[in-house]
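Enquirer: mmCIF, C-alpha atoms, saved as my_file_6.cif, coming up:
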```
data_my_file
loop_
_atom_site.label_atom_id
_atom_site.label_comp_id
_atom_site.auth_asym_id
_atom_site.auth_seq_id
_atom_site.Cartn_x
_atom_site.Cartn_y
_atom_site.Cartn_z
CA MET Q 1 35.93 -43.33 54.26
CA LEU Q 2 39.11 -44.59 52.63
CA PRO Q 3 41.99 -42.20 51.78
CA HIS Q 4 41.88 -42.91 48.04
CA GLN Q 5 38.10 -42.21 48.02
CA THR Q 6 38.68 -38.87 49.71
CA ALA Q 7 41.25 -37.90 47.10
CA VAL Q 8 38.90 -38.83 44.25
CA GLU Q 9 36.06 -36.82 45.75
CA LEU Q 10 38.30 -33.81 46.31
CA LYS Q 11 39.50 -34.01 42.72
CA PHE Q 12 35.90 -34.18 41.46
CA ILE Q 13 34.85 -31.21 43.61
CA LYS Q 14 37.82 -29.17 42.42
CA ARG Q 15 37.06 -29.92 38.78
CA TYR Q 16 33.38 -29.06 39.29
CA ARG Q 17 34.24 -25.72 40.87
CA GLN Q 18 36.66 -24.87 38.07
CA THR Q 19 34.08 -25.69 35.40
CA ARG Q 20 31.40 -23.71 37.20
CA TYR Q 21 33.70 -20.73 37.66
CA SER Q 22 34.89 -20.73 34.06
CA SER Q 23 31.34 -20.93 32.70
CA ARG Q 24 30.24 -18.02 34.84
CA ARG Q 25 33.30 -16.05 33.80
CA ILE Q 26 32.53 -16.49 30.11
CA ARG Q 27 28.77 -15.87 30.28
CA LYS Q 28 28.18 -13.22 32.91
CA ARG Q 29 24.53 -12.25 33.16
CA VAL Q 30 22.27 -10.58 35.67
CA ILE Q 31 19.06 -12.41 34.68
CA PHE Q 32 19.13 -16.07 33.72
CA LYS Q 33 17.17 -17.31 30.73
CA HIS Q 34 14.48 -18.83 32.97
CA GLY Q 35 14.00 -15.50 34.81
CA ASP Q 36 15.87 -15.94 38.10
CA CYS Q 37 18.17 -13.13 39.25
CA ASN Q 38 21.87 -13.91 39.48
CA VAL Q 39 22.30 -11.65 42.53
CA ILE Q 40 23.27 -12.74 46.03
CA GLN Q 41 22.73 -10.46 49.03
CA GLY Q 42 25.79 -10.56 51.26
CA ASN Q 43 27.06 -8.90 54.44
CA VAL Q 44 23.61 -7.65 55.51
CA ALA Q 45 23.54 -6.36 59.09
CA LYS Q 46 21.06 -8.16 61.37
CA ARG Q 47 19.89 -10.32 58.51
CA ARG Q 48 18.15 -13.02 60.57
CA ARG Q 49 16.33 -10.50 62.71
CA ARG Q 50 15.02 -8.72 59.63
CA TYR Q 51 13.80 -12.00 58.16
CA LEU Q 52 12.01 -12.91 61.40
CA GLN Q 53 10.28 -9.53 61.49
CA ASP Q 54 8.68 -10.43 58.15
CA ILE Q 55 8.07 -14.07 59.01
CA PHE Q 56 5.11 -14.56 56.64
CA THR Q 57 7.08 -13.55 53.53
CA THR Q 58 10.04 -15.59 54.74
CA LEU Q 59 7.92 -18.73 55.05
CA VAL Q 60 6.39 -18.13 51.63
CA ASP Q 61 9.79 -17.72 49.96
CA ILE Q 62 11.52 -20.70 51.58
CA GLN Q 63 11.44 -24.17 50.08
CA TRP Q 64 8.56 -26.57 50.64
CA ARG Q 65 10.45 -28.91 52.96
CA TRP Q 66 11.11 -26.07 55.39
CA THR Q 67 7.50 -24.93 55.19
CA LEU Q 68 6.26 -28.42 56.08
CA PHE Q 69 8.82 -28.62 58.89
CA VAL Q 70 7.56 -25.34 60.38
CA PHE Q 71 3.96 -26.56 59.93
CA ALA Q 72 4.63 -29.72 61.94
CA CYS Q 73 6.75 -28.01 64.58
CA SER Q 74 4.12 -25.33 65.22
CA PHE Q 75 1.51 -27.92 66.25
CA ILE Q 76 3.92 -30.20 68.12
CA LEU Q 77 5.39 -27.35 70.15
CA SER Q 78 1.94 -25.96 70.97
CA TRP Q 79 0.78 -29.40 72.17
CA LEU Q 80 3.93 -29.86 74.28
CA GLY Q 81 3.59 -26.39 75.78
CA PHE Q 82 -0.04 -26.70 76.75
CA GLY Q 83 0.54 -30.28 77.93
CA ALA Q 84 3.14 -29.00 80.40
CA ILE Q 85 0.70 -26.35 81.61
CA TRP Q 86 -2.05 -28.92 82.14
CA TYR Q 87 0.38 -31.09 84.08
CA LEU Q 88 1.27 -28.21 86.37
CA ILE Q 89 -2.41 -27.49 87.01
CA ALA Q 90 -3.05 -31.13 87.86
CA LEU Q 91 -0.13 -31.16 90.31
CA SER Q 92 -1.32 -27.98 92.02
CA HIS Q 93 -4.80 -29.49 92.62
CA GLY Q 94 -3.56 -32.96 93.55
CA ASP Q 95 -5.59 -34.66 90.83
CA ILE Q 96 -4.98 -38.43 90.55
CA GLN Q 97 -6.39 -40.55 87.75
CA ALA Q 98 -7.95 -43.83 88.98
CA ALA Q 99 -9.00 -46.86 86.97
CA GLY Q 100 -12.45 -47.17 88.55
CA GLY Q 101 -14.25 -46.41 85.32
CA TYR Q 102 -16.93 -44.22 86.92
CA GLY Q 103 -17.85 -40.68 85.86
CA ASN Q 104 -16.52 -38.36 83.11
CA ARG Q 105 -13.47 -36.13 82.82
CA TYR Q 106 -14.32 -32.48 82.27
CA ILE Q 107 -13.48 -29.09 83.73
CA THR Q 108 -15.71 -27.88 86.54
CA GLU Q 109 -16.13 -24.50 88.18
CA GLU Q 110 -13.76 -25.62 90.89
CA CYS Q 111 -10.83 -25.18 88.46
CA PRO Q 112 -11.12 -21.71 86.88
CA GLU Q 113 -7.51 -21.76 85.64
CA GLY Q 114 -8.32 -24.89 83.65
CA ILE Q 115 -11.21 -23.12 81.92
CA PHE Q 116 -8.90 -20.24 80.97
CA ILE Q 117 -6.16 -22.55 79.63
CA LEU Q 118 -8.67 -24.55 77.57
CA ALA Q 119 -10.00 -21.39 75.91
CA LEU Q 120 -6.44 -20.14 75.28
CA GLN Q 121 -5.43 -23.47 73.71
CA SER Q 122 -8.43 -23.44 71.37
CA ILE Q 123 -7.72 -19.88 70.21
CA THR Q 124 -4.02 -20.65 69.72
CA GLY Q 125 -4.83 -23.70 67.60
CA VAL Q 126 -7.16 -21.67 65.37
CA PHE Q 127 -4.48 -19.01 64.85
CA ILE Q 128 -1.85 -21.62 63.97
CA GLN Q 129 -4.18 -23.31 61.48
CA ALA Q 130 -5.15 -20.03 59.82
CA PHE Q 131 -1.51 -18.90 59.62
CA MET Q 132 -0.26 -22.14 58.10
CA VAL Q 133 -3.20 -22.46 55.69
CA GLY Q 134 -2.51 -18.92 54.49
CA ILE Q 135 1.15 -19.75 53.89
CA VAL Q 136 0.34 -22.93 51.95
CA PHE Q 137 -2.26 -21.13 49.84
CA ALA Q 138 0.13 -18.25 49.13
CA LYS Q 139 2.84 -20.67 48.01
CA LEU Q 140 0.45 -22.58 45.74
CA SER Q 141 -1.05 -19.46 44.12
CA ARG Q 142 2.14 -17.46 43.68
CA PRO Q 143 2.24 -15.55 40.36
CA LYS Q 144 5.84 -16.73 40.03
CA LYS Q 145 4.58 -20.18 39.11
CA ARG Q 146 2.34 -18.72 36.41
CA ALA Q 147 5.42 -17.14 34.85
CA GLN Q 148 6.81 -20.63 34.17
CA THR Q 149 4.31 -21.03 31.31
CA LEU Q 150 5.28 -17.70 29.71
CA LEU Q 151 7.94 -18.25 27.06
CA PHE Q 152 10.65 -16.07 25.56
CA SER Q 153 12.52 -16.93 22.38
CA LYS Q 154 15.96 -18.39 22.86
CA ASN Q 155 17.54 -15.75 20.62
CA ALA Q 156 16.76 -12.21 19.59
CA VAL Q 157 17.24 -11.13 15.96
CA ILE Q 158 18.12 -7.95 14.11
CA CYS Q 159 16.58 -7.26 10.70
CA HIS Q 160 14.81 -4.49 8.82
CA ARG Q 161 11.12 -3.63 9.02
CA ASP Q 162 9.83 -0.99 6.62
CA GLY Q 163 13.40 0.15 6.01
CA VAL Q 164 14.20 0.61 9.71
CA PRO Q 165 16.62 -1.73 11.53
CA CYS Q 166 14.86 -3.42 14.45
CA LEU Q 167 15.65 -5.75 17.31
CA LEU Q 168 13.03 -8.51 17.57
CA PHE Q 169 12.23 -11.17 20.14
CA ARG Q 170 9.21 -13.41 20.57
CA VAL Q 171 6.98 -14.02 23.61
CA GLY Q 172 4.36 -16.72 24.03
CA ASP Q 173 1.87 -18.19 26.51
CA MET Q 174 1.25 -21.92 26.77
CA ARG Q 175 -2.03 -21.75 28.72
CA LYS Q 176 -5.54 -21.19 27.44
CA SER Q 177 -6.24 -18.69 30.24
CA HIS Q 178 -4.86 -15.41 28.96
CA ILE Q 179 -2.79 -12.69 30.57
CA ILE Q 180 -4.88 -9.53 30.90
CA GLU Q 181 -3.32 -6.08 30.36
CA ALA Q 182 -0.08 -7.68 29.21
CA HIS Q 183 2.75 -5.28 28.40
CA VAL Q 184 6.44 -5.67 27.70
CA THR Q 185 9.39 -3.57 28.87
CA ALA Q 186 13.08 -3.85 28.04
CA GLN Q 187 16.27 -2.46 29.53
CA ILE Q 188 19.91 -2.69 28.55
CA ILE Q 189 22.57 -3.10 31.24
CA ARG Q 190 26.11 -2.15 30.32
CA ARG Q 191 29.16 -0.23 31.45
CA ARG Q 192 29.14 3.55 31.02
CA VAL Q 193 31.59 6.33 31.82
CA THR Q 194 30.13 9.78 32.55
CA LYS Q 195 31.59 13.10 31.42
CA GLU Q 196 33.11 13.53 34.86
CA GLY Q 197 34.92 10.19 34.59
CA GLU Q 198 32.60 8.28 36.90
CA VAL Q 199 32.37 4.60 35.96
CA LEU Q 200 28.88 3.09 36.10
CA PRO Q 201 29.45 -0.67 35.78
CA PHE Q 202 25.75 -1.56 35.60
CA TYR Q 203 24.09 1.38 33.91
CA GLN Q 204 20.43 0.66 33.09
CA GLN Q 205 18.79 2.32 30.10
CA ASN Q 206 15.22 1.84 28.92
CA MET Q 207 14.53 0.57 25.41
CA GLU Q 208 11.30 1.53 23.70
CA VAL Q 209 9.44 -1.56 22.48
CA SER Q 210 6.17 -2.08 20.65
CA CYS Q 211 4.08 -4.92 19.30
CA ASP Q 212 3.08 -4.92 15.63
CA GLY Q 213 3.19 -1.16 15.24
CA GLY Q 214 1.36 -0.34 18.49
CA ASP Q 215 2.56 0.44 21.98
CA ASP Q 216 3.95 -1.94 24.58
CA ARG Q 217 0.45 -3.41 25.23
CA LEU Q 218 -0.30 -6.61 23.38
CA MET Q 219 -3.28 -8.86 22.76
CA PHE Q 220 -1.70 -12.00 24.10
CA ILE Q 221 -3.76 -14.70 22.38
CA TRP Q 222 -0.85 -16.24 20.47
CA PRO Q 223 2.94 -15.79 20.29
CA THR Q 224 3.80 -12.19 19.50
CA ILE Q 225 6.98 -10.59 18.18
CA VAL Q 226 8.12 -7.56 20.18
CA VAL Q 227 9.93 -4.86 18.18
CA HIS Q 228 12.53 -2.33 19.25
CA LYS Q 229 13.33 0.21 16.54
CA ILE Q 230 17.02 1.03 16.36
CA ASP Q 231 16.75 4.78 15.84
CA ARG Q 232 18.82 7.66 17.18
CA ASP Q 233 17.34 7.21 20.68
CA SER Q 234 18.27 3.53 20.78
CA PRO Q 235 21.35 2.35 22.70
CA LEU Q 236 22.10 0.06 19.71
CA TYR Q 237 22.22 2.94 17.22
CA ASN Q 238 26.00 2.94 16.78
CA LEU Q 239 26.56 -0.83 16.92
CA SER Q 240 27.34 -2.77 13.76
CA ALA Q 241 27.44 -6.53 13.33
CA GLN Q 242 31.13 -6.57 14.13
CA ASP Q 243 30.67 -4.33 17.17
CA MET Q 244 27.98 -6.67 18.45
CA LEU Q 245 30.54 -9.45 18.78
CA ARG Q 246 32.93 -7.52 21.00
CA GLU Q 247 30.45 -5.44 23.01
CA ARG Q 248 29.51 -6.51 26.54
CA PHE Q 249 25.94 -5.78 27.55
CA GLU Q 250 22.76 -7.55 28.56
CA ILE Q 251 19.23 -6.80 27.36
CA VAL Q 252 16.68 -7.65 30.07
CA VAL Q 253 13.08 -8.12 28.89
CA MET Q 254 10.05 -8.31 31.20
CA LEU Q 255 6.47 -9.33 30.53
CA GLU Q 256 3.90 -8.20 33.09
CA GLY Q 257 0.17 -8.75 33.28
CA VAL Q 258 -2.78 -9.93 35.36
CA VAL Q 259 -3.55 -13.64 35.58
CA GLU Q 260 -7.07 -14.17 34.28
CA SER Q 261 -7.94 -17.03 36.66
CA THR Q 262 -6.63 -15.51 39.93
CA GLY Q 263 -6.53 -11.75 39.28
CA MET Q 264 -2.95 -11.54 40.58
CA THR Q 265 -0.16 -9.67 38.82
CA THR Q 266 2.67 -11.78 37.42
CA GLN Q 267 5.99 -10.97 35.81
CA ALA Q 268 8.17 -13.12 33.58
CA ARG Q 269 11.78 -12.18 32.84
CA SER Q 270 14.54 -13.20 30.48
CA SER Q 271 17.69 -11.68 29.00
CA TYR Q 272 19.82 -11.68 25.86
CA LEU Q 273 23.58 -11.40 25.64
CA PRO Q 274 25.33 -10.16 22.46
CA SER Q 275 26.13 -13.77 21.55
CA GLU Q 276 22.39 -14.57 21.66
CA ILE Q 277 21.43 -11.86 19.14
CA LEU Q 278 21.34 -13.11 15.54
CA TRP Q 279 22.14 -10.43 12.96
CA GLY Q 280 20.27 -10.75 9.68
CA HIS Q 281 17.65 -13.25 10.84
CA ARG Q 282 13.87 -13.25 11.07
CA PHE Q 283 11.43 -15.43 13.02
CA GLU Q 284 9.39 -18.10 11.31
CA SER Q 285 5.61 -17.99 11.59
CA VAL Q 286 4.08 -20.28 14.22
CA VAL Q 287 0.35 -19.64 13.62
CA SER Q 288 -1.54 -21.52 10.92
CA PHE Q 289 -5.20 -22.08 10.09
CA LYS Q 290 -6.61 -25.61 10.10
CA ARG Q 291 -9.43 -25.96 7.61
CA GLU Q 292 -10.54 -29.30 9.07
CA THR Q 293 -11.48 -27.81 12.45
CA GLY Q 294 -11.75 -24.11 11.56
CA GLU Q 295 -9.24 -23.19 14.27
CA TYR Q 296 -5.93 -21.38 14.44
CA GLU Q 297 -3.12 -23.65 15.57
CA VAL Q 298 0.11 -22.52 17.25
CA ASP Q 299 3.08 -24.80 16.58
CA TYR Q 300 5.57 -24.30 19.42
CA THR Q 301 8.13 -26.57 17.76
CA THR Q 302 9.07 -23.61 15.54
CA PHE Q 303 8.88 -21.04 18.33
CA ASN Q 304 12.66 -20.44 18.30
CA ASN Q 305 13.23 -21.05 14.59
CA THR Q 306 14.67 -18.24 12.45
CA TYR Q 307 15.81 -17.84 8.84
CA GLU Q 308 18.39 -15.58 7.26
CA VAL Q 309 17.46 -12.38 5.42
CA ASP Q 310 19.54 -9.76 3.59
CA THR Q 311 20.52 -7.15 6.18
CA PRO Q 312 23.27 -4.51 5.98
CA LEU Q 313 26.09 -5.27 8.36
CA CYS Q 314 26.68 -1.64 9.20
CA SER Q 315 25.20 0.18 12.17
CA ALA Q 316 21.97 2.13 12.00
CA HIS Q 317 23.96 5.36 12.21
CA GLN Q 318 26.13 4.40 9.24
CA LEU Q 319 23.06 3.32 7.28
CA ARG Q 320 21.45 6.69 7.92
CA GLU Q 321 24.53 8.48 6.62
CA VAL Q 322 24.33 6.37 3.46
CA LYS Q 323 20.70 7.35 2.98
CA LYS Q 324 21.57 11.02 3.41
CA GLU Q 325 24.28 10.66 0.77
CA LEU Q 326 21.77 9.03 -1.59
CA ASN Q 327 19.28 11.83 -1.01
CA LYS Q 328 21.95 14.40 -1.71
CA GLN Q 329 22.96 12.68 -4.94
CA ASN Q 330 19.32 12.42 -6.02
CA GLY Q 331 18.76 16.10 -5.30
CA ILE Q 332 16.18 15.47 -2.59
CA VAL Q 333 15.85 18.08 0.13
CA VAL Q 334 15.29 16.53 3.56
CA GLU Q 335 13.33 18.42 6.21
CA SER Q 336 15.00 19.83 9.28
CA SER Q 337 13.74 16.96 11.46
CA ASP Q 338 16.02 14.65 9.48
CA THR Q 339 14.63 11.48 11.01
CA ASP Q 340 15.10 7.97 9.79
CA GLU Q 341 11.48 7.82 8.63
CA SER Q 342 11.88 10.93 6.51
CA ASP Q 343 14.95 9.43 4.88
CA THR Q 344 13.03 6.29 4.02
CA SER Q 345 10.00 8.18 2.70
CA SER Q 346 12.18 10.44 0.58
CA LEU Q 347 13.73 7.45 -1.10
CA ASP Q 348 10.28 6.00 -1.74
CA ASN Q 349 9.08 9.27 -3.23
CA ALA Q 350 12.05 9.25 -5.58
CA SER Q 351 10.93 5.79 -6.80
CA SER Q 352 14.26 4.37 -5.72
CA ARG Q 353 14.99 0.90 -4.44
CA LYS Q 354 18.09 -0.48 -2.76
CA THR Q 355 19.60 -3.86 -2.14
CA SER Q 356 22.65 -5.17 -0.33
CA LEU Q 357 24.97 -7.23 -2.47
CA SER Q 358 26.87 -10.22 -1.17
CA ASN Q 359 30.06 -8.18 -0.86
CA GLY Q 360 28.37 -5.57 1.34
CA TYR Q 361 28.14 -2.76 -1.26
CA LEU Q 362 25.31 -0.86 -2.94
CA ARG Q 363 25.16 -0.70 -6.74
CA PHE Q 364 23.98 2.32 -8.74
CA THR Q 365 23.05 2.89 -12.38
CA PRO Q 366 21.21 5.69 -14.22
CA VAL Q 367 17.61 5.02 -15.26
CA TYR Q 368 16.34 6.48 -18.53
CA GLY Q 369 12.60 6.66 -18.99
CA ASN Q 370 11.15 7.29 -22.50
CA THR Q 371 14.57 8.40 -23.66
CA ASN Q 372 15.69 8.74 -27.26
CA GLU Q 373 19.31 7.74 -26.95
CA GLN Q 374 20.32 8.83 -30.43
CA THR Q 375 19.06 12.39 -30.06
CA GLY Q 376 19.41 12.73 -26.26
CA VAL Q 377 15.75 13.78 -25.94
CA THR Q 378 13.46 12.82 -23.03
CA ASN Q 379 9.77 13.57 -23.52
CA GLY Q 380 10.68 16.09 -26.16
CA VAL Q 381 13.15 17.95 -23.94
CA PRO Q 382 16.93 17.74 -24.58
CA VAL Q 383 18.60 16.12 -21.62
CA ASP Q 384 22.24 15.60 -20.78
CA PRO Q 385 22.60 11.91 -19.86
CA THR Q 386 25.34 12.72 -17.37
CA MET Q 387 22.93 14.90 -15.37
CA ILE Q 388 20.33 12.19 -14.79
CA PRO Q 389 20.40 11.18 -11.11
CA PRO Q 390 21.40 7.58 -10.42
CA THR Q 391 19.09 5.06 -8.81
CA ILE Q 392 19.64 1.69 -7.24
CA VAL Q 393 19.46 -1.45 -9.33
CA VAL Q 394 17.88 -4.55 -7.79
CA PRO Q 395 19.79 -7.73 -8.75
CA GLY Q 396 17.74 -9.92 -11.06
CA ALA Q 397 15.23 -7.17 -11.94
CA GLN Q 398 14.59 -6.41 -15.62
CA THR Q 399 14.56 -2.79 -16.74
CA ALA Q 400 12.55 -2.04 -19.86
CA SER Q 401 14.51 0.12 -22.32
CA PRO Q 402 13.40 0.98 -25.87
CA GLY Q 403 16.13 0.88 -28.47
CA SER Q 404 19.58 -0.57 -28.18
CA GLU Q 405 21.10 -1.46 -24.83
CA ARG Q 406 22.76 1.39 -23.01
CA LYS Q 407 26.08 1.44 -21.30
CA LYS Q 408 25.58 1.30 -17.55
CA THR Q 409 27.81 3.15 -15.14
CA LEU Q 410 28.44 1.49 -11.82
CA ARG Q 411 29.63 3.14 -8.67
CA LYS Q 412 30.27 1.50 -5.32
CA LEU Q 413 29.46 3.06 -1.98
CA SER Q 414 30.88 1.18 0.96
CA ILE Q 415 28.56 0.65 3.94
CA LYS Q 416 30.78 -1.69 5.87
CA GLU Q 417 34.32 -2.32 6.92
CA PRO Q 418 36.43 -4.70 4.82
CA SER Q 419 37.07 -6.91 7.86
CA MET Q 420 33.34 -7.75 8.05
CA ASP Q 421 33.37 -9.93 4.95
CA SER Q 422 33.63 -12.99 7.16
CA LEU Q 423 30.27 -12.14 8.74
CA CYS Q 424 28.34 -12.22 5.46
#
```
Would you write the structure of this file as structure tokens?
Expert:
Amino acid sequence: MLPHQTAVELKFIKRYRQTRYSSRRIRKRVIFKHGDCNVIQGNVAKRRRRYLQDIFTTLVDIQWRWTLFVFACSFILSWLGFGAIWYLIALSHGDIQAAGGYGNRYITEECPEGIFILALQSITGVFIQAFMVGIVFAKLSRPKKRAQTLLFSKNAVICHRDGVPCLLFRVGDMRKSHIIEAHVTAQIIRRRVTKEGEVLPFYQQNMEVSCDGGDDRLMFIWPTIVVHKIDRDSPLYNLSAQDMLRERFEIVVMLEGVVESTGMTTQARSSYLPSEILWGHRFESVVSFKRETGEYEVDYTTFNNTYEVDTPLCSAHQLREVKKELNKQNGIVVESSDTDESDTSSLDNASSRKTSLSNGYLRFTPVYGNTNEQTGVTNGVPVDPTMIPPTIVVPGAQTASPGSERKKTLRKLSIKEPSMDSLC
């Protein structure tokens, strides 16, 4: 190798290592998108001995070229070993092969050690064949390979469902053979400091997920959207759109189930970093009905497609405080449970609707129903217009009002920080 070639190769290797290191430094993750763990076991005492004690699992986990190498070596070494033994037996008896061409070669009762070695060689060959066939079958039927056809969406999204902010991601299965008893779990990994000052760099916290209003079990016949409600028990409860950009965490999602064709349990994994969570997006539909064939068709070209929807940029906690303020202004008494669902239902009972304007504010105006503006009478009862509770006006909606047009009063209630205008 020439000196200038060595310098070029060293320069290329150095640049490759720098690029690899910088990419890992920017996007640190425990679970890769394709499901492999980014964890290396190091400084394990007696590591080789422990691997040899569980030789079957070791041979199943290693790469195919090493499995085939062990397969060939096991037979070659057994043949060489027994060949040496047969040679020693022949030397001890003084057997000499002649080219006369008369008779047959077989073991007689005059050589009992030969009979024993022949039986031992046959048994050893059967054991080697059974062991290697079991390893090859285990490698071919591993549930890990079935997980390659289970898909996770490239991005997760945050939007509202029934007035509740939710984290959504999509899972799908490419095969016609379904996953039985499929269920989804999710965990968030992030840094946490306890009350005693202990730093937990990789604190794992479970996230409750469901599928279309049910539990974590899903009927996995087509791509399904998994929902995590961002309520007070959610680790994302206090995170706004701006906080999502500077927070450092990783959401690990796992899909487990039984393979219909083999009956073996499989698990598929993926993860989402804060940069892979789209705020104010929703997934496009991938299932359509074909009238020509009378079948439902799944279009996987739109599996990762999303579209923007109006979503408040504040956190779920801030949004709940806004709802409480609205209830207080409308004179609605909230029960002691004071949950997010009760806040939403109370607004619905008050026949109120809300919308988020482009500048991140809510707009209010009084609503007068069957009101005589000249006399200040509503349904025959004198009413002070200043005492009528405000309600939320939907942009573009038309409000029927008998008589001349009234003067609307507008008030602004901020639900975001001014620095978040760039995120709209």
Enquirer: Residues within 10 Å of Asp215 of chain Q, please, as a list in words. Count all atoms listed in the file; anything in the same chain fewer than 2 positions from it doesn't count.
Expert: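 My list of contacting residues is His183, Val184, Glu208, Val209, Ser210, Cys211, Asp212, Gly213, Arg217, Leu218, Val226 and Val227 of chain Q.
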Enquirer: Using the chain letters and numbers from this file, what does the PyMOL selection byres ((chain Q and resi 283) around 7) select? Give the answer as a list in words.
Expert: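 Taken over the shown coordinates, the PyMOL selection byres ((chain Q and resi 283) around 7) returns His281, Arg282, Glu284, Ser285, Asn305, Thr306 and Tyr307 of chain Q.
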Enquirer: Hey, can you check how far atom CA of Trp279 of chain Q sits from atom CA of Cys166 of chain Q?
Expert: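 Straight-line distance from atom CA of Trp279 of chain Q to atom CA of Cys166 of chain Q works out to 10.2 Å.
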Enquirer: Quick one: everything within 9 Å of Ser275 of chain Q, counting only C-alpha atoms, minus sequence neighbours fewer than 3 positions away in the same chain. Send it as a list of chain:residue names.
Expert: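 After dropping sequence-adjacent residues, the list is Q:Asn155, Q:Met244, Q:Leu245, Q:Tyr272, Q:Leu278.
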Enquirer: Written as a list in words, what is the full residue list that the PyMOL selection byres ((chain Q and resi 268) around 6) yields on the file shown?
Expert: Ala147, Met254, Leu255, Gln267 and Arg269 of chain Q
Enquirer: Taking the file as shown, what set of residues would the PyMOL selection byres ((chain Q and resi 287-298) around 12) give back, as a ChimeraX atom specification?
Expert: /Q:172-176,221-224,283-286,299-303
Enquirer: What is the distance, in Å and to one decimal place, between atom CA of Val171 of chain Q and atom CA of Asp231 of chain Q?
Expert: 22.6 Å
Enquirer: Report, in Å to a single decimal, how far apart atom CA of Phe127 of chain Q and atom CA of Ile85 of chain Q are.
Expert: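 We find that atom CA of Ile85 of chain Q and atom CA of Phe127 of chain Q lie 19.0 Å from each other.
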Enquirer: Which one of Q:Val30, Q:Met219, Q:Ala156, Q:Leu59 sits closest to Ile135 of chain Q if you count only C-alpha atoms?
Expert: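 Going through Q:Val30, Q:Met219, Q:Ala156, Q:Leu59 one by one, the smallest distance to Ile135 of chain Q is for Q:Leu59.
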Enquirer: Excluding same-chain residues fewer than 3 positions from Ile251 of chain Q, what lies within 10 Å of it counting all atoms listed in the file, as a list in words?
Expert: Arg29, Val30, Ile31, Ala156, Ala186, Gln187, Ile188, Ile189, Arg190, Gln204, Gln205, Asn206, Met207, Ser270, Ser271, Tyr272, Leu273, Pro274 and Ile277 of chain Q
Enquirer: Could those selected residues go to a file with C-alpha atoms, as a PDB file, keeping the file's coordinate frame?
Expert:
```
ATOM      1  CA  ARG Q  29      24.530 -12.250  33.160  1.00  0.00           C
ATOM      2  CA  VAL Q  30      22.270 -10.580  35.670  1.00  0.00           C
ATOM      3  CA  ILE Q  31      19.060 -12.410  34.680  1.00  0.00           C
ATOM      4  CA  ALA Q 156      16.760 -12.210  19.590  1.00  0.00           C
ATOM      5  CA  ALA Q 186      13.080  -3.850  28.040  1.00  0.00           C
ATOM      6  CA  GLN Q 187      16.270  -2.460  29.530  1.00  0.00           C
ATOM      7  CA  ILE Q 188      19.910  -2.690  28.550  1.00  0.00           C
ATOM      8  CA  ILE Q 189      22.570  -3.100  31.240  1.00  0.00           C
ATOM      9  CA  ARG Q 190      26.110  -2.150  30.320  1.00  0.00           C
ATOM     10  CA  GLN Q 204      20.430   0.660  33.090  1.00  0.00           C
ATOM     11  CA  GLN Q 205      18.790   2.320  30.100  1.00  0.00           C
ATOM     12  CA  ASN Q 206      15.220   1.840  28.920  1.00  0.00           C
ATOM     13  CA  MET Q 207      14.530   0.570  25.410  1.00  0.00           C
ATOM     14  CA  SER Q 270      14.540 -13.200  30.480  1.00  0.00           C
ATOM     15  CA  SER Q 271      17.690 -11.680  29.000  1.00  0.00           C
ATOM     16  CA  TYR Q 272      19.820 -11.680  25.860  1.00  0.00           C
ATOM     17  CA  LEU Q 273      23.580 -11.400  25.640  1.00  0.00           C
ATOM     18  CA  PRO Q 274      25.330 -10.160  22.460  1.00  0.00           C
ATOM     19  CA  ILE Q 277      21.430 -11.860  19.140  1.00  0.00           C
TER      20      ILE Q 277
END
```
Enquirer: For segment 291-305 of chain Q, I'd like the enclosing box, axis-aligned and padded by 5 Å on every side, reported as JSON with centre and edge lengths in Å to one decimal.
Expert:
```
{"center_x": 0.7, "center_y": -24.9, "center_z": 13.5, "size_x": 35.0, "size_y": 18.9, "size_z": 21.8}
```
